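Visitor: The structure that follows is given in the form of structure tokens.
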Amino acid sequence: MYLTKARLSNHPQTRSQRVELMRQGAYASHQLLWKLFPQQKERPFLFRQEQGDGYSAPKGEPCFYLLSSHLPENLDGLVETESKPFHPQLQQGDQLGFTIRLNPTVCRDKKRHDVLMDARLQWLKQEAERMRISSQGGQGNLKNELLDQAKDQDIERWQKLLLERVSEDNIENLQSRKALLNQVLQALAEQAAKDWWQQRLESMGVNPDTSSIQQVSGYLQHQLPRKAKEASFSSVELTGQLTLEQPDLFLEKVNAGIGRAKAFGCGLMLLRRC
């Protein structure tokens, strides 16, 4: 395996490519990086897109990390790459820090749903039923109904729920019931992402009892304009620590990528030793 940093060069022809990356997002990134592997018929890489910090790439410019089974080839000077072999020596009990961009989904009614949005919607429906109001409609409608109908005991219940999941230091100024409800929904969504991850650790060769998520951030919904109408996927960033139980199995999972939407920049785990 090879770990590669890649960025667009200063070649004049890359100007149009930058515009395409802005317009088409993950789809254009996938198409660009595929060109680094012209001899491969099946996608041999995972990737993660970042914005340059002024060191690894010009500030604000797109740059990429790739994990691939083949060494990327030179793309006519349009993409600059720095590659090195990726064969980490791992042992049982090793503790690693990680960052990963994921597309967590859950199957409900034979359809795949965004885990974070599904958690929000299911709670809103349950809360509506508890308050004896209609549980039909989307999130926006349900939120408005809850805010209109909420009584003091409902507000107190929401506050208690929030404090069970978020420390007081991390709770923003709650000047309205709307702000409270939004923070409750955010906390529920973040917990759903953590639970999704936790449920998969053992199958990844990781000890679930000594591993943790320190931050859930960067939730985004991505449109895929070249796919079917309204085609999209979501992504979220998880940062934390893990303890290896089965190093060989873990490395196999890392090399294959975690979760779905790997063709669109999800599933590549960046690791560091603690």
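Ligands are numbered from 1 in the order shown, chains are lettered A, B, ... in the order of the structure tokens, and residues start at 1 in each chain.
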Would you pick out the contacts of Leu146 in chain A at 10 Å or less, using only C-alpha atoms, so that residues sharing its chain but fewer than 2 positions from it are not included, and give the list as a list of chain:residue names?
Guide: A:Leu124, A:Lys125, A:Glu127, A:Ala128, A:Met131, A:Ile133, A:Ser134, A:Ser135, A:Asn141, A:Leu142, A:Lys143, A:Asn144, A:Asp148, A:Gln149, A:Ala150, A:Lys151, A:Asp154, A:Arg177, A:Lys178, A:Leu181
Visitor: Taking N, CA, C and O atoms for each residue, export the selection above as an mmCIF file, in the first residue's frame.
Guide:
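Wrote it out as again37.cif, contents follow:
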```cif
data_model
loop_
_atom_site.group_PDB
_atom_site.id
_atom_site.type_symbol
_atom_site.label_atom_id
_atom_site.label_comp_id
_atom_site.auth_asym_id
_atom_site.auth_seq_id
_atom_site.Cartn_x
_atom_site.Cartn_y
_atom_site.Cartn_z
ATOM 1 N N LEU A 124 -37.777 13.509 17.034
ATOM 2 C CA LEU A 124 -38.852 14.489 16.838
ATOM 3 C C LEU A 124 -40.210 13.806 16.766
ATOM 4 O O LEU A 124 -41.194 14.290 17.344
ATOM 5 N N LYS A 125 -40.274 12.673 16.086
ATOM 6 C CA LYS A 125 -41.537 11.943 15.998
ATOM 7 C C LYS A 125 -41.958 11.411 17.368
ATOM 8 O O LYS A 125 -43.134 11.498 17.741
ATOM 9 N N GLU A 127 -41.145 12.612 20.264
ATOM 10 C CA GLU A 127 -41.510 13.743 21.118
ATOM 11 C C GLU A 127 -42.903 14.261 20.746
ATOM 12 O O GLU A 127 -43.688 14.637 21.630
ATOM 13 N N ALA A 128 -43.205 14.273 19.452
ATOM 14 C CA ALA A 128 -44.533 14.707 19.024
ATOM 15 C C ALA A 128 -45.614 13.766 19.572
ATOM 16 O O ALA A 128 -46.666 14.215 20.042
ATOM 17 N N MET A 131 -46.216 14.396 23.188
ATOM 18 C CA MET A 131 -46.972 15.627 23.419
ATOM 19 C C MET A 131 -48.362 15.583 22.782
ATOM 20 O O MET A 131 -49.073 16.585 22.783
ATOM 21 N N ILE A 133 -49.333 15.387 19.621
ATOM 22 C CA ILE A 133 -49.555 16.178 18.404
ATOM 23 C C ILE A 133 -49.132 15.332 17.215
ATOM 24 O O ILE A 133 -48.535 14.277 17.368
ATOM 25 N N SER A 134 -49.435 15.792 16.022
ATOM 26 C CA SER A 134 -49.158 15.008 14.823
ATOM 27 C C SER A 134 -47.658 14.746 14.679
ATOM 28 O O SER A 134 -46.836 15.655 14.843
ATOM 29 N N SER A 135 -47.331 13.479 14.378
ATOM 30 C CA SER A 135 -45.923 13.115 14.165
ATOM 31 C C SER A 135 -45.611 12.962 12.686
ATOM 32 O O SER A 135 -44.600 12.371 12.313
ATOM 33 N N ASN A 141 -41.209 20.781 9.802
ATOM 34 C CA ASN A 141 -42.587 20.852 10.270
ATOM 35 C C ASN A 141 -42.707 20.375 11.715
ATOM 36 O O ASN A 141 -43.391 20.999 12.539
ATOM 37 N N LEU A 142 -42.020 19.272 12.028
ATOM 38 C CA LEU A 142 -42.082 18.737 13.391
ATOM 39 C C LEU A 142 -41.475 19.710 14.407
ATOM 40 O O LEU A 142 -42.009 19.890 15.507
ATOM 41 N N LYS A 143 -40.366 20.322 14.049
ATOM 42 C CA LYS A 143 -39.746 21.296 14.959
ATOM 43 C C LYS A 143 -40.702 22.450 15.239
ATOM 44 O O LYS A 143 -40.857 22.872 16.402
ATOM 45 N N ASN A 144 -41.330 22.970 14.205
ATOM 46 C CA ASN A 144 -42.259 24.086 14.401
ATOM 47 C C ASN A 144 -43.424 23.689 15.298
ATOM 48 O O ASN A 144 -43.848 24.466 16.164
ATOM 49 N N ASP A 148 -44.258 25.275 18.983
ATOM 50 C CA ASP A 148 -45.546 25.938 19.213
ATOM 51 C C ASP A 148 -46.292 25.339 20.408
ATOM 52 O O ASP A 148 -46.964 26.064 21.153
ATOM 53 N N GLN A 149 -46.161 24.028 20.580
ATOM 54 C CA GLN A 149 -46.990 23.326 21.566
ATOM 55 C C GLN A 149 -46.277 23.058 22.896
ATOM 56 O O GLN A 149 -46.922 22.653 23.866
ATOM 57 N N ALA A 150 -44.973 23.247 22.958
ATOM 58 C CA ALA A 150 -44.209 22.863 24.152
ATOM 59 C C ALA A 150 -44.655 23.630 25.399
ATOM 60 O O ALA A 150 -44.822 24.852 25.365
ATOM 61 N N LYS A 151 -44.810 22.887 26.482
ATOM 62 C CA LYS A 151 -45.139 23.473 27.776
ATOM 63 C C LYS A 151 -43.879 23.481 28.647
ATOM 64 O O LYS A 151 -42.830 22.972 28.248
ATOM 65 N N ASP A 154 -42.167 20.234 29.140
ATOM 66 C CA ASP A 154 -41.463 19.763 27.941
ATOM 67 C C ASP A 154 -40.095 20.431 27.834
ATOM 68 O O ASP A 154 -39.098 19.775 27.540
ATOM 69 N N ARG A 177 -36.335 28.809 23.313
ATOM 70 C CA ARG A 177 -36.631 27.391 23.226
ATOM 71 C C ARG A 177 -36.161 26.811 21.887
ATOM 72 O O ARG A 177 -35.819 25.637 21.807
ATOM 73 N N LYS A 178 -36.126 27.641 20.853
ATOM 74 C CA LYS A 178 -35.625 27.187 19.557
ATOM 75 C C LYS A 178 -34.147 26.828 19.652
ATOM 76 O O LYS A 178 -33.702 25.807 19.116
ATOM 77 N N LEU A 181 -33.874 23.527 21.477
ATOM 78 C CA LEU A 181 -34.247 22.385 20.644
ATOM 79 C C LEU A 181 -33.152 22.069 19.634
ATOM 80 O O LEU A 181 -32.824 20.900 19.396
#
```
Visitor: Excluding Glu82 in chain A and its own-chain neighbours fewer than 3 positions away, which residues fall within 10 Å of it when counting only C-alpha atoms? Please give them as number ranges by chain.
Guide: A: 2-7, 65, 72
Visitor: Would you put the residues from that selection into a file with N, CA, C and O atoms, as a CSV table (one decimal), in the first residue's frame?
Guide:
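So result.csv came out as:
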```csv
chain,number,residue,atom,x,y,z
A,2,TYR,N,0.3,2.3,-0.5
A,2,TYR,CA,1.0,3.6,-0.6
A,2,TYR,C,0.2,4.7,-0.1
A,2,TYR,O,-1.0,4.8,-0.3
A,3,LEU,N,0.8,5.6,0.7
A,3,LEU,CA,0.1,6.8,1.2
A,3,LEU,C,0.7,8.0,0.5
A,3,LEU,O,1.9,8.2,0.4
A,4,THR,N,-0.2,8.8,-0.1
A,4,THR,CA,0.2,9.8,-1.0
A,4,THR,C,-0.5,11.2,-0.7
A,4,THR,O,-1.6,11.2,-0.3
A,5,LYS,N,0.3,12.2,-0.7
A,5,LYS,CA,-0.2,13.6,-0.7
A,5,LYS,C,-0.2,14.1,-2.1
A,5,LYS,O,0.8,14.0,-2.8
A,6,ALA,N,-1.3,14.7,-2.5
A,6,ALA,CA,-1.4,15.2,-3.9
A,6,ALA,C,-2.1,16.5,-3.9
A,6,ALA,O,-2.9,16.8,-3.1
A,7,ARG,N,-1.6,17.3,-4.9
A,7,ARG,CA,-2.2,18.7,-5.1
A,7,ARG,C,-2.1,19.1,-6.5
A,7,ARG,O,-1.2,18.6,-7.2
A,65,TYR,N,-5.2,13.4,0.3
A,65,TYR,CA,-4.5,12.2,0.9
A,65,TYR,C,-5.1,11.0,0.2
A,65,TYR,O,-6.3,10.9,0.1
A,72,PRO,N,0.7,5.9,-7.6
A,72,PRO,CA,0.1,6.8,-8.6
A,72,PRO,C,1.1,7.3,-9.6
A,72,PRO,O,2.3,7.4,-9.3
```
Visitor: My list of candidates is A:Leu121, A:Ala189, A:Ala179, A:Leu201. Which is closest to Gly259 in chain A when distances are computed with only C-alpha atoms?
Guide: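 Among the listed residues, the smallest separation from Gly259 in chain A belongs to A:Leu201.
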Visitor: Between CA of Ala231 in chain A and CA of Ala263 in chain A, what is the spacing in Å?
Guide: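 Taking CA of Ala263 in chain A and CA of Ala231 in chain A, their separation equals 14.3 Å.
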Visitor: Looking at A:Leu180, A:Ala187, A:Ala261, A:Cys63, which one is nearest to Val166 in chain A, with distances taken over only C-alpha atoms?
Guide: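 Smallest distance to Val166 in chain A is found for A:Ala187.
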Visitor: Could you tell me, as a ChimeraX atom specification, which residues of range 135-192 of chain A DSSP assigns to helix (DSSP H, G or I) when given the backbone?
Guide: /A:139-149,152-165,168-170,177-192
Visitor: Quick check, in Å to one decimal: how far apart do CA of Glu190 in chain A and CA of Ser211 in chain A lie?
Guide: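 Going from CA of Glu190 in chain A over to CA of Ser211 in chain A covers 16.5 Å.
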Visitor: Tell me which protein, DNA and RNA residues are within 10 Å of Pro38 in chain A, counting only C-alpha atoms, leaving out same-chain ones fewer than 5 positions away, and put them as a short mmCIF file (atom, residue, chain, number, x, y, z; two decimals) with N, CA, C and O atoms, in the first residue's frame.
Guide:
```cif
data_model
loop_
_atom_site.label_atom_id
_atom_site.label_comp_id
_atom_site.auth_asym_id
_atom_site.auth_seq_id
_atom_site.Cartn_x
_atom_site.Cartn_y
_atom_site.Cartn_z
N LEU A 33 -8.62 12.06 -9.52
CA LEU A 33 -7.65 11.16 -8.90
C LEU A 33 -7.60 9.80 -9.60
O LEU A 33 -6.56 9.14 -9.60
N PRO A 72 0.67 5.90 -7.56
CA PRO A 72 0.07 6.79 -8.55
C PRO A 72 1.09 7.25 -9.58
O PRO A 72 2.27 7.43 -9.28
N GLU A 73 0.61 7.42 -10.81
CA GLU A 73 1.49 7.86 -11.89
C GLU A 73 1.42 9.37 -12.05
O GLU A 73 0.47 10.02 -11.61
N LEU A 75 0.60 12.76 -13.67
CA LEU A 75 -0.50 13.18 -14.53
C LEU A 75 -0.09 14.39 -15.35
O LEU A 75 -0.60 15.49 -15.18
#
```
Visitor: Step one, run DSSP on the backbone; step two, keep only residues of range 3-180 of chain A assigned to strand (DSSP E); then write them as a ChimeraX atom specification.
Guide: /A:3-8,45-51,62-68,79-85,95-102,105-108,111-114
Visitor: For Pro104 in chain A, which of A:Arg200, A:Lys253, A:Arg272, A:Lys84 is the closest residue, counting only C-alpha atoms?
Guide: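 Nearest to Pro104 in chain A: A:Arg200.
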Visitor: In terms of the shortest atom-to-atom distance over only C-alpha atoms, which of A:Ser235, A:Ser69, A:Gln191, A:Gln241 is closest to Arg48 in chain A?
Guide: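 Under the stated criterion, the closest residue is A:Ser235.
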Visitor: Nearest to Gln40 in chain A among A:Val254, A:Leu188, A:Leu71, A:Leu163, with distances taken over only C-alpha atoms: which residue is it?
Guide: A:Leu71
Visitor: Neighbours of Asp76 in chain A within 10 Å (only C-alpha atoms; same-chain residues fewer than 3 positions away dropped), as a list in words?
Guide: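 In the requested format, the answer is His11, Leu36, Glu73, Val79 and Glu80 of chain A.
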Visitor: Could you please determine the separation between CA of Gly137 in chain A and CA of Gly218 in chain A in Å, to one decimal place?
Guide: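 If I compute the distance from CA of Gly137 in chain A to CA of Gly218 in chain A, I get 26.5 Å.
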